[in-house]
file data.txt (compact mmCIF, C-alpha atoms)
# COMPACT_ATOMS: atom_id res chain seq x y z
CA MET A 1 -14.93 -11.30 -27.17
CA TYR A 2 -13.54 -8.51 -25.03
CA MET A 3 -14.75 -6.13 -22.34
CA LYS A 4 -14.17 -2.41 -22.85
CA ILE A 5 -13.55 -0.37 -19.69
CA THR A 6 -13.43 3.43 -19.83
CA PHE A 7 -12.46 5.60 -16.88
CA LEU A 8 -14.61 8.67 -17.52
CA GLY A 9 -13.61 10.38 -14.27
CA THR A 10 -10.61 9.70 -12.03
CA GLY A 11 -10.76 12.36 -9.31
CA ALA A 12 -11.91 12.21 -5.70
CA ALA A 13 -14.88 14.16 -4.33
CA GLU A 14 -13.40 17.64 -4.77
CA GLY A 15 -12.12 17.01 -8.31
CA VAL A 16 -8.76 18.12 -9.70
CA PRO A 17 -8.42 21.07 -9.61
CA ALA A 18 -10.47 21.11 -6.45
CA MET A 19 -13.53 23.30 -6.82
CA PHE A 20 -12.77 25.78 -4.03
CA CYS A 21 -9.00 25.31 -3.74
CA ASN A 22 -6.31 27.93 -4.33
CA CYS A 23 -3.26 25.72 -3.75
CA ILE A 24 -0.26 25.81 -6.06
CA PHE A 25 -1.06 22.46 -7.66
CA CYS A 26 -4.72 23.25 -8.38
CA ASN A 27 -3.76 26.59 -9.90
CA MET A 28 -1.18 24.81 -12.06
CA VAL A 29 -3.84 22.41 -13.33
CA ARG A 30 -6.17 25.30 -14.17
CA LYS A 31 -3.43 26.79 -16.36
CA SER A 32 -2.23 23.54 -17.95
CA GLY A 33 -5.38 22.57 -19.81
CA MET A 34 -7.83 19.69 -19.79
CA SER A 35 -5.22 16.91 -19.99
CA GLU A 36 -4.49 17.32 -16.26
CA VAL A 37 -8.09 17.77 -15.12
CA ARG A 38 -9.66 14.92 -13.15
CA THR A 39 -13.44 14.90 -12.87
CA ARG A 40 -15.36 12.90 -10.29
CA SER A 41 -15.25 9.12 -10.51
CA GLN A 42 -17.24 7.22 -13.14
CA VAL A 43 -16.53 4.04 -15.12
CA MET A 44 -18.27 2.72 -18.22
CA ILE A 45 -18.21 -0.94 -19.25
CA ASP A 46 -18.79 -1.56 -22.93
CA ASP A 47 -21.50 0.93 -23.96
CA GLY A 48 -24.38 0.00 -21.71
CA LEU A 49 -23.26 -0.26 -18.09
CA LEU A 50 -22.12 2.61 -15.85
CA ILE A 51 -20.65 2.47 -12.38
CA ASP A 52 -21.66 5.62 -10.48
CA PHE A 53 -23.21 8.82 -11.74
CA PRO A 54 -21.34 11.98 -10.61
CA PRO A 55 -22.28 15.59 -11.37
CA GLU A 56 -19.96 15.40 -14.41
CA ALA A 57 -21.93 12.61 -16.11
CA TYR A 58 -23.35 15.16 -18.56
CA TYR A 59 -19.85 16.43 -19.34
CA HIS A 60 -18.57 12.87 -19.76
CA SER A 61 -21.32 12.17 -22.28
CA PHE A 62 -19.96 14.62 -24.83
CA ALA A 63 -16.29 14.71 -23.81
CA PHE A 64 -15.90 10.95 -24.39
CA GLY A 65 -18.73 10.16 -26.78
CA VAL A 66 -20.98 8.41 -24.26
CA ASP A 67 -24.57 7.89 -25.40
CA LEU A 68 -26.42 8.05 -22.09
CA SER A 69 -29.69 7.18 -23.86
CA ALA A 70 -28.21 3.75 -24.65
CA VAL A 71 -27.19 2.94 -21.06
CA ASN A 72 -29.49 0.35 -19.53
CA THR A 73 -27.64 -0.45 -16.28
CA LEU A 74 -26.26 1.78 -13.52
CA LEU A 75 -24.46 0.33 -10.51
CA VAL A 76 -24.13 2.84 -7.66
CA THR A 77 -21.49 2.29 -4.99
CA HIS A 78 -22.97 4.64 -2.38
CA SER A 79 -25.01 7.80 -1.95
CA HIS A 80 -22.26 10.43 -1.61
CA MET A 81 -22.80 13.27 -4.06
CA ASP A 82 -19.61 12.67 -6.06
CA HIS A 83 -20.81 9.15 -6.86
CA PHE A 84 -24.55 9.67 -7.20
CA TYR A 85 -25.95 12.97 -8.45
CA ALA A 86 -29.58 11.94 -8.74
CA HIS A 87 -31.10 15.26 -9.82
CA ASP A 88 -30.26 14.64 -13.47
CA PHE A 89 -32.63 11.69 -13.74
CA ILE A 90 -35.67 13.97 -13.91
CA LEU A 91 -34.52 14.60 -17.51
CA ARG A 92 -34.64 10.97 -18.69
CA GLY A 93 -37.73 11.10 -20.88
CA TYR A 94 -40.72 13.35 -21.61
CA LYS A 95 -39.75 16.30 -23.85
CA TYR A 96 -36.21 16.23 -22.47
CA ALA A 97 -34.95 13.07 -24.17
CA GLN A 98 -35.55 10.54 -26.90
CA LEU A 99 -34.36 7.21 -25.51
CA GLU A 100 -32.62 4.31 -27.19
CA MET A 101 -33.12 2.10 -24.12
CA ASP A 102 -36.60 2.52 -22.70
CA VAL A 103 -35.72 1.54 -19.13
CA LEU A 104 -32.65 2.35 -17.05
CA ASP A 105 -32.12 -0.12 -14.19
CA ILE A 106 -30.40 1.47 -11.19
CA TYR A 107 -28.86 -0.84 -8.58
CA GLY A 108 -27.70 0.40 -5.19
CA ASN A 109 -28.22 0.25 -1.45
CA ALA A 110 -31.18 1.52 0.58
CA GLU A 111 -29.62 4.94 1.17
CA VAL A 112 -29.03 5.44 -2.56
CA LYS A 113 -32.72 4.69 -3.13
CA LYS A 114 -33.64 7.24 -0.45
CA VAL A 115 -31.41 9.90 -2.02
CA PHE A 116 -32.90 9.20 -5.44
CA GLY A 117 -36.38 9.84 -4.05
CA GLU A 118 -35.35 13.01 -2.22
CA CYS A 119 -33.51 14.53 -5.19
CA THR A 120 -36.21 13.84 -7.77
CA ALA A 121 -39.32 14.45 -5.67
CA ARG A 122 -39.87 18.07 -6.66
CA GLU A 123 -39.41 17.77 -10.43
CA MET A 124 -39.96 14.17 -11.50
CA LYS A 125 -42.70 14.02 -14.12
CA PRO A 126 -45.05 11.04 -14.43
CA GLU A 127 -43.90 10.69 -18.04
CA VAL A 128 -40.30 10.16 -16.88
CA SER A 129 -40.57 7.90 -13.85
CA PRO A 130 -41.61 4.73 -15.79
CA HIS A 131 -38.28 4.88 -17.63
CA ILE A 132 -36.29 4.31 -14.41
CA ARG A 133 -36.42 1.17 -12.31
CA TYR A 134 -34.64 0.80 -8.95
CA THR A 135 -33.40 -2.44 -7.40
CA GLU A 136 -32.01 -2.48 -3.88
CA VAL A 137 -28.72 -4.38 -3.48
CA LEU A 138 -27.40 -5.94 -0.28
CA PRO A 139 -23.75 -6.70 0.49
CA PHE A 140 -22.71 -10.28 -0.27
CA SER A 141 -25.12 -10.73 -3.16
CA THR A 142 -24.80 -11.99 -6.73
CA PHE A 143 -27.24 -11.01 -9.46
CA ASN A 144 -27.63 -10.49 -13.21
CA ALA A 145 -27.87 -6.94 -14.56
CA GLY A 146 -27.93 -5.89 -18.20
CA GLY A 147 -26.52 -9.22 -19.33
CA TYR A 148 -23.65 -9.14 -16.80
CA LYS A 149 -22.99 -11.21 -13.72
CA VAL A 150 -22.52 -8.79 -10.82
CA ILE A 151 -21.13 -9.54 -7.37
CA ALA A 152 -21.63 -6.93 -4.63
CA VAL A 153 -19.43 -6.93 -1.52
CA PRO A 154 -19.11 -4.35 1.29
CA ALA A 155 -16.73 -1.41 1.08
CA GLU A 156 -14.87 -0.04 4.09
CA HIS A 157 -16.02 3.54 3.63
CA THR A 158 -18.85 4.83 5.81
CA LYS A 159 -20.85 3.67 8.81
CA THR A 160 -24.04 5.42 7.68
CA GLU A 161 -24.85 3.06 4.80
CA ASP A 162 -23.84 -0.21 3.16
CA ALA A 163 -21.37 1.15 0.60
CA LEU A 164 -20.69 -1.42 -2.09
CA LEU A 165 -17.90 -2.69 -4.30
CA TYR A 166 -18.71 -4.44 -7.57
CA TYR A 167 -17.28 -7.25 -9.63
CA VAL A 168 -18.73 -7.28 -13.17
CA GLU A 169 -18.33 -10.21 -15.56
CA LYS A 170 -19.46 -11.12 -19.05
CA GLY A 171 -18.17 -13.66 -21.55
CA GLY A 172 -15.48 -14.83 -19.16
CA LYS A 173 -14.09 -11.30 -18.69
CA GLY A 174 -14.19 -9.78 -15.22
CA TYR A 175 -13.62 -6.28 -13.81
CA LEU A 176 -13.31 -5.51 -10.06
CA HIS A 177 -14.23 -1.97 -8.99
CA LEU A 178 -12.62 -0.95 -5.68
CA HIS A 179 -13.40 2.77 -5.40
CA ASP A 180 -14.07 4.55 -2.10
CA THR A 181 -12.86 1.86 0.22
CA GLY A 182 -10.11 1.11 2.66
CA ASN A 183 -9.47 -2.52 3.40
CA LEU A 184 -11.13 -5.28 1.43
CA GLY A 185 -12.15 -7.50 4.30
CA ASP A 186 -11.56 -11.23 4.43
CA GLY A 187 -15.28 -11.86 4.18
CA ALA A 188 -15.48 -9.88 0.95
CA ILE A 189 -12.49 -11.66 -0.54
CA GLU A 190 -13.87 -15.05 0.44
CA TYR A 191 -17.24 -14.23 -1.11
CA LEU A 192 -15.66 -13.06 -4.36
CA ALA A 193 -13.54 -16.19 -4.58
CA ALA A 194 -16.42 -18.52 -3.68
CA ASN A 195 -18.57 -16.98 -6.41
CA GLY A 196 -15.99 -17.38 -9.13
CA ALA A 197 -14.56 -13.87 -9.43
CA LYS A 198 -11.54 -13.88 -11.79
CA ALA A 199 -10.62 -10.29 -12.57
CA GLY A 200 -8.79 -9.36 -15.74
CA ALA A 201 -8.67 -5.78 -14.43
CA VAL A 202 -8.92 -4.18 -10.99
CA ALA A 203 -9.32 -0.45 -10.30
CA TYR A 204 -8.08 0.54 -6.84
CA ASP A 205 -8.97 3.62 -4.84
CA CYS A 206 -5.67 5.50 -4.48
CA THR A 207 -6.94 8.75 -3.01
CA PHE A 208 -3.80 9.36 -0.96
CA GLY A 209 -1.36 8.79 -3.82
CA CYS A 210 2.03 7.69 -2.52
CA GLY A 211 1.00 8.27 1.09
CA ALA A 212 0.01 5.41 3.35
CA GLY A 213 -3.52 5.59 4.57
CA ASN A 214 -5.04 3.29 7.11
CA LEU A 215 -6.73 0.11 5.94
CA SER A 216 -9.56 0.74 8.38
CA ALA A 217 -10.03 4.21 6.90
CA ARG A 218 -12.28 5.31 4.04
CA HIS A 219 -9.67 5.42 1.27
CA MET A 220 -6.26 4.03 0.29
CA GLY A 221 -2.84 5.14 -0.81
CA MET A 222 -0.36 3.05 -2.78
CA PRO A 223 1.03 1.15 0.26
CA ASP A 224 -2.53 0.07 1.06
CA VAL A 225 -3.29 -0.78 -2.57
CA VAL A 226 -0.32 -3.15 -2.61
CA ILE A 227 -1.64 -4.96 0.48
CA VAL A 228 -5.08 -5.40 -1.07
CA ARG A 229 -3.60 -6.48 -4.41
CA ASP A 230 -1.54 -9.16 -2.69
CA LYS A 231 -4.59 -10.43 -0.80
CA LEU A 232 -6.49 -10.71 -4.07
CA MET A 233 -3.56 -12.58 -5.61
CA GLN A 234 -3.37 -15.02 -2.72
CA ALA A 235 -7.09 -15.70 -3.03
CA GLY A 236 -6.79 -16.45 -6.75
CA ILE A 237 -9.07 -13.55 -7.75
CA ILE A 238 -6.28 -11.94 -9.79
CA ASP A 239 -3.14 -13.36 -11.38
CA ALA A 240 0.04 -12.18 -13.07
CA ASP A 241 -1.87 -11.12 -16.19
CA THR A 242 -4.42 -8.93 -14.39
CA ARG A 243 -4.36 -5.21 -15.20
CA ASN A 244 -3.95 -3.39 -11.86
CA ILE A 245 -5.02 0.25 -12.15
CA ILE A 246 -4.94 3.09 -9.61
CA THR A 247 -7.49 5.90 -9.73
CA HIS A 248 -9.74 8.21 -7.61
CA PHE A 249 -7.02 10.72 -6.74
CA SER A 250 -7.28 13.67 -4.36
CA HIS A 251 -5.74 17.01 -5.32
CA ASN A 252 -3.71 16.75 -2.09
CA CYS A 253 -1.46 14.06 -3.61
CA HIS A 254 -0.59 16.30 -6.61
CA PRO A 255 -1.96 13.78 -9.13
CA SER A 256 -0.46 14.95 -12.40
CA ARG A 257 -0.50 12.27 -15.05
CA GLU A 258 3.30 12.03 -14.85
CA ASN A 259 3.36 11.75 -11.05
CA MET A 260 0.66 9.10 -10.90
CA GLN A 261 2.10 7.03 -13.73
CA LYS A 262 5.51 6.96 -12.02
CA LEU A 263 3.83 5.91 -8.79
CA ALA A 264 1.88 3.17 -10.57
CA GLU A 265 4.90 1.86 -12.45
CA SER A 266 6.83 1.52 -9.19
CA GLU A 267 4.47 -1.38 -8.38
CA GLY A 268 3.91 -2.70 -11.90
CA MET A 269 0.56 -0.97 -12.24
CA THR A 270 -1.07 1.66 -14.47
CA ALA A 271 -2.54 5.03 -13.49
CA ALA A 272 -5.88 5.95 -15.01
CA TYR A 273 -6.73 9.41 -16.31
CA ASP A 274 -9.99 10.84 -17.57
CA GLY A 275 -10.88 9.03 -20.79
CA PHE A 276 -8.41 6.17 -20.22
CA THR A 277 -9.69 3.01 -21.91
CA ILE A 278 -8.58 -0.60 -21.69
CA TYR A 279 -9.78 -3.85 -23.24
CA ILE A 280 -9.65 -7.18 -21.44
call {"tool": "encode", "arguments": {"input": "data.txt", "output": "structure tokens"}}
result
Amino acid sequence: MYMKITFLGTGAAEGVPAMFCNCIFCNMVRKSGMSEVRTRSQVMIDDGLLIDFPPEAYYHSFAFGVDLSAVNTLLVTHSHMDHFYAHDFILRGYKYAQLEMDVLDIYGNAEVKKVFGECTAREMKPEVSPHIRYTEVLPFSTFNAGGYKVIAVPAEHTKTEDALLYYVEKGGKGYLHLHDTGNLGDGAIEYLAANGAKAGAVAYDCTFGCGAGNLSARHMGMPDVVIVRDKLMQAGIIDADTRNIITHFSHNCHPSRENMQKLAESEGMTAAYDGFTIYI
């Protein structure tokens, strides 16, 4: 039994090319074709669990053959628009959609729930709302969702809400999702280890590319990723066989596929790109 992990989007909030940017790199990407484009962050596990729901979720559905009607579980890291574009959920049912899975379970923090209500209030139809169920998640919690064991720990990202990081496991296969975070605090690492997290793959926020960030900041660069990777190794959460993957790149670090793969290989890692799929 294996776990399939697909990186549907690998860009930071502004995307690559950045929506309103006229820099040399973004203009190069516009001319080079879709292979260098990076949409906003989203990961799919197997065919039924999504992590985050950016504005490009609709595009991801046909670009990478994702059947959104079959998704029964959505884990949301935090409420920022590039990770949770809630408006689209008014279309999940009624005359807009025939559904394979009757209910979509959304898991996220209190602010995500608030944003969901605000974004759907004007247009949500009574025929649609029964098809969506929301469960509030607290940091340092372990729960079952869609047949997976999920561990939620706090991200170092924003002071306005409890942004979350997720470890997802099924059949002895585990994936650790570290997007939109700086440091992974000792408390988070201890909780993951105490609750049996053994990751066959880890995806690290590498927004700054080769540049060093600040581990108390909202994002990481490769020097910070290495520190977090080593902490995970020391705690026994990952080992020498774990797939270490960098993703969530800003246009400011010139994240061409060639540049990011060279950066990743310098530390024995892999750089994700839109549509990149691994099996663990």
call {"tool": "closest_residue", "arguments": {"input": "data.txt", "among": "A:Thr120, A:Ser35, A:Thr181, A:Thr160", "to": "A:Ser79", "atoms": "only C-alpha atoms"}}
result
A:Thr160
call {"tool": "atom_distance", "arguments": {"input": "data.txt", "atom1": "atom CA of A:Glu100", "atom2": "atom CA of A:Thr142"}}
result
27.3 Å
call {"tool": "closest_residue", "arguments": {"input": "data.txt", "among": "A:Met260, A:Val115, A:Met220, A:Ile45", "to": "A:Asp205", "atoms": "all atoms listed in the file"}}
result
A:Met220
call {"tool": "closest_residue", "arguments": {"input": "data.txt", "among": "A:Gly268, A:Gly209, A:Gly275, A:Gly236", "to": "A:His60", "atoms": "all atoms listed in the file"}}
result
A:Gly275
call {"tool": "closest_residue", "arguments": {"input": "data.txt", "among": "A:Met28, A:Phe62, A:Met34, A:His248", "to": "A:Glu14", "atoms": "only C-alpha atoms"}}
result
A:His248
call {"tool": "residues_around", "arguments": {"input": "data.txt", "residues": "A:Leu138", "least_positions_apart": "4", "cutoff": "10 Å", "atoms": "all atoms listed in the file", "output": "number ranges by chain"}}
result
A: 107-110, 142, 152-154, 162-164
call {"tool": "closest_residue", "arguments": {"input": "data.txt", "among": "A:Glu127, A:Glu258, A:Glu169, A:Asp180", "to": "A:Leu192", "atoms": "all atoms listed in the file"}}
result
A:Glu169
call {"tool": "closest_residue", "arguments": {"input": "data.txt", "among": "A:Gly185, A:Ala201, A:Leu8, A:Arg257", "to": "A:Ala63", "atoms": "all atoms listed in the file"}}
result
A:Leu8
call {"tool": "atom_distance", "arguments": {"input": "data.txt", "atom1": "atom CA of A:Asp224", "atom2": "atom CA of A:Cys206"}}
result
8.4 Å
call {"tool": "atom_distance", "arguments": {"input": "data.txt", "atom1": "atom CA of A:Thr158", "atom2": "atom CA of A:Val76"}}
result
14.6 Å
call {"tool": "residues_around", "arguments": {"input": "data.txt", "residues": "stretch 172-178 of chain A", "least_positions_apart": "3", "cutoff": "9 Å", "atoms": "only C-alpha atoms", "output": "number ranges by chain"}}
result
A: 1-3, 5, 43, 45, 51, 155, 164-169, 181-182, 184, 197-205, 280
call {"tool": "residues_around", "arguments": {"input": "data.txt", "residues": "A:Met81", "least_positions_apart": "2", "cutoff": "8 Å", "atoms": "all atoms listed in the file", "output": "list in words"}}
result
Ala13, Pro54, Pro55, Ser79, His83, Phe84 and Tyr85 of chain A
call {"tool": "write_last_selection", "arguments": {"input": "data.txt", "atoms": "C-alpha atoms", "output": "compact mmCIF listing (two decimals), in the frame of the given file"}}
result
# COMPACT_ATOMS: atom_id res chain seq x y z
CA ALA A 13 -14.88 14.16 -4.33
CA PRO A 54 -21.34 11.98 -10.61
CA PRO A 55 -22.28 15.59 -11.37
CA SER A 79 -25.01 7.80 -1.95
CA HIS A 83 -20.81 9.15 -6.86
CA PHE A 84 -24.55 9.67 -7.20
CA TYR A 85 -25.95 12.97 -8.45
call {"tool": "build_atoms", "arguments": {"input": "data.txt", "residues": "stretch 21-32 of chain A", "atoms": "all heavy atoms", "output": "CSV table (one decimal), in the frame of the given file"}}
result
chain,number,residue,atom,x,y,z
A,21,CYS,N,-10.4,25.3,-4.2
A,21,CYS,CA,-9.0,25.3,-3.7
A,21,CYS,C,-8.1,26.3,-4.5
A,21,CYS,O,-8.2,26.4,-5.7
A,21,CYS,CB,-8.4,23.9,-3.9
A,21,CYS,SG,-6.7,23.8,-3.2
A,22,ASN,N,-7.2,27.0,-3.7
A,22,ASN,CA,-6.3,27.9,-4.3
A,22,ASN,C,-4.9,27.5,-4.1
A,22,ASN,O,-4.0,28.3,-4.1
A,22,ASN,CB,-6.5,29.3,-3.7
A,22,ASN,CG,-5.8,30.4,-4.5
A,22,ASN,OD1,-5.8,30.4,-5.7
A,22,ASN,ND2,-5.3,31.4,-3.7
A,23,CYS,N,-4.6,26.2,-4.0
A,23,CYS,CA,-3.3,25.7,-3.8
A,23,CYS,C,-2.4,25.8,-5.0
A,23,CYS,O,-3.0,26.0,-6.1
A,23,CYS,CB,-3.3,24.3,-3.2
A,23,CYS,SG,-3.6,23.0,-4.4
A,24,ILE,N,-1.1,25.7,-4.9
A,24,ILE,CA,-0.3,25.8,-6.1
A,24,ILE,C,-0.6,24.8,-7.1
A,24,ILE,O,-0.6,25.0,-8.3
A,24,ILE,CB,1.2,25.7,-5.6
A,24,ILE,CG1,1.6,26.9,-4.8
A,24,ILE,CG2,2.2,25.6,-6.8
A,24,ILE,CD1,3.0,26.8,-4.1
A,25,PHE,N,-0.8,23.5,-6.7
A,25,PHE,CA,-1.1,22.5,-7.7
A,25,PHE,C,-2.4,22.7,-8.4
A,25,PHE,O,-2.4,22.6,-9.6
A,25,PHE,CB,-1.1,21.1,-7.0
A,25,PHE,CG,-1.3,20.0,-8.0
A,25,PHE,CD1,-0.3,19.5,-8.7
A,25,PHE,CD2,-2.6,19.4,-8.1
A,25,PHE,CE1,-0.5,18.5,-9.7
A,25,PHE,CE2,-2.8,18.4,-9.0
A,25,PHE,CZ,-1.8,17.9,-9.8
A,26,CYS,N,-3.4,23.0,-7.7
A,26,CYS,CA,-4.7,23.2,-8.4
A,26,CYS,C,-4.6,24.4,-9.4
A,26,CYS,O,-5.2,24.4,-10.5
A,26,CYS,CB,-5.8,23.5,-7.4
A,26,CYS,SG,-6.3,21.9,-6.5
A,27,ASN,N,-3.9,25.5,-9.0
A,27,ASN,CA,-3.8,26.6,-9.9
A,27,ASN,C,-2.9,26.2,-11.1
A,27,ASN,O,-3.2,26.7,-12.2
A,27,ASN,CB,-3.1,27.8,-9.2
A,27,ASN,CG,-4.1,28.5,-8.3
A,27,ASN,OD1,-5.3,28.5,-8.5
A,27,ASN,ND2,-3.6,29.1,-7.2
A,28,MET,N,-2.0,25.3,-10.9
A,28,MET,CA,-1.2,24.8,-12.1
A,28,MET,C,-2.1,24.0,-13.0
A,28,MET,O,-2.0,24.2,-14.3
A,28,MET,CB,0.0,23.9,-11.6
A,28,MET,CG,0.9,23.4,-12.7
A,28,MET,SD,0.2,21.8,-13.4
A,28,MET,CE,0.5,20.7,-12.1
A,29,VAL,N,-2.9,23.2,-12.5
A,29,VAL,CA,-3.8,22.4,-13.3
A,29,VAL,C,-4.8,23.3,-14.1
A,29,VAL,O,-5.0,23.1,-15.3
A,29,VAL,CB,-4.6,21.4,-12.5
A,29,VAL,CG1,-5.7,20.7,-13.3
A,29,VAL,CG2,-3.7,20.4,-11.9
A,30,ARG,N,-5.3,24.4,-13.5
A,30,ARG,CA,-6.2,25.3,-14.2
A,30,ARG,C,-5.5,25.9,-15.4
A,30,ARG,O,-6.1,26.2,-16.4
A,30,ARG,CB,-6.6,26.4,-13.2
A,30,ARG,CG,-7.6,25.9,-12.1
A,30,ARG,CD,-8.2,27.0,-11.3
A,30,ARG,NE,-9.1,26.4,-10.3
A,30,ARG,CZ,-8.7,26.2,-9.0
A,30,ARG,NH1,-7.5,26.5,-8.6
A,30,ARG,NH2,-9.6,25.7,-8.2
A,31,LYS,N,-4.2,26.1,-15.3
A,31,LYS,CA,-3.4,26.8,-16.4
A,31,LYS,C,-2.9,25.8,-17.4
A,31,LYS,O,-2.6,26.2,-18.5
A,31,LYS,CB,-2.2,27.5,-15.8
A,31,LYS,CG,-2.6,28.7,-14.9
A,31,LYS,CD,-1.4,29.3,-14.3
A,31,LYS,CE,-1.7,30.5,-13.3
A,31,LYS,NZ,-0.5,31.1,-12.7
A,32,SER,N,-2.9,24.5,-17.1
A,32,SER,CA,-2.2,23.5,-18.0
A,32,SER,C,-3.2,22.9,-19.0
A,32,SER,O,-2.7,22.3,-19.9
A,32,SER,CB,-1.6,22.4,-17.1
A,32,SER,OG,-2.6,21.7,-16.4
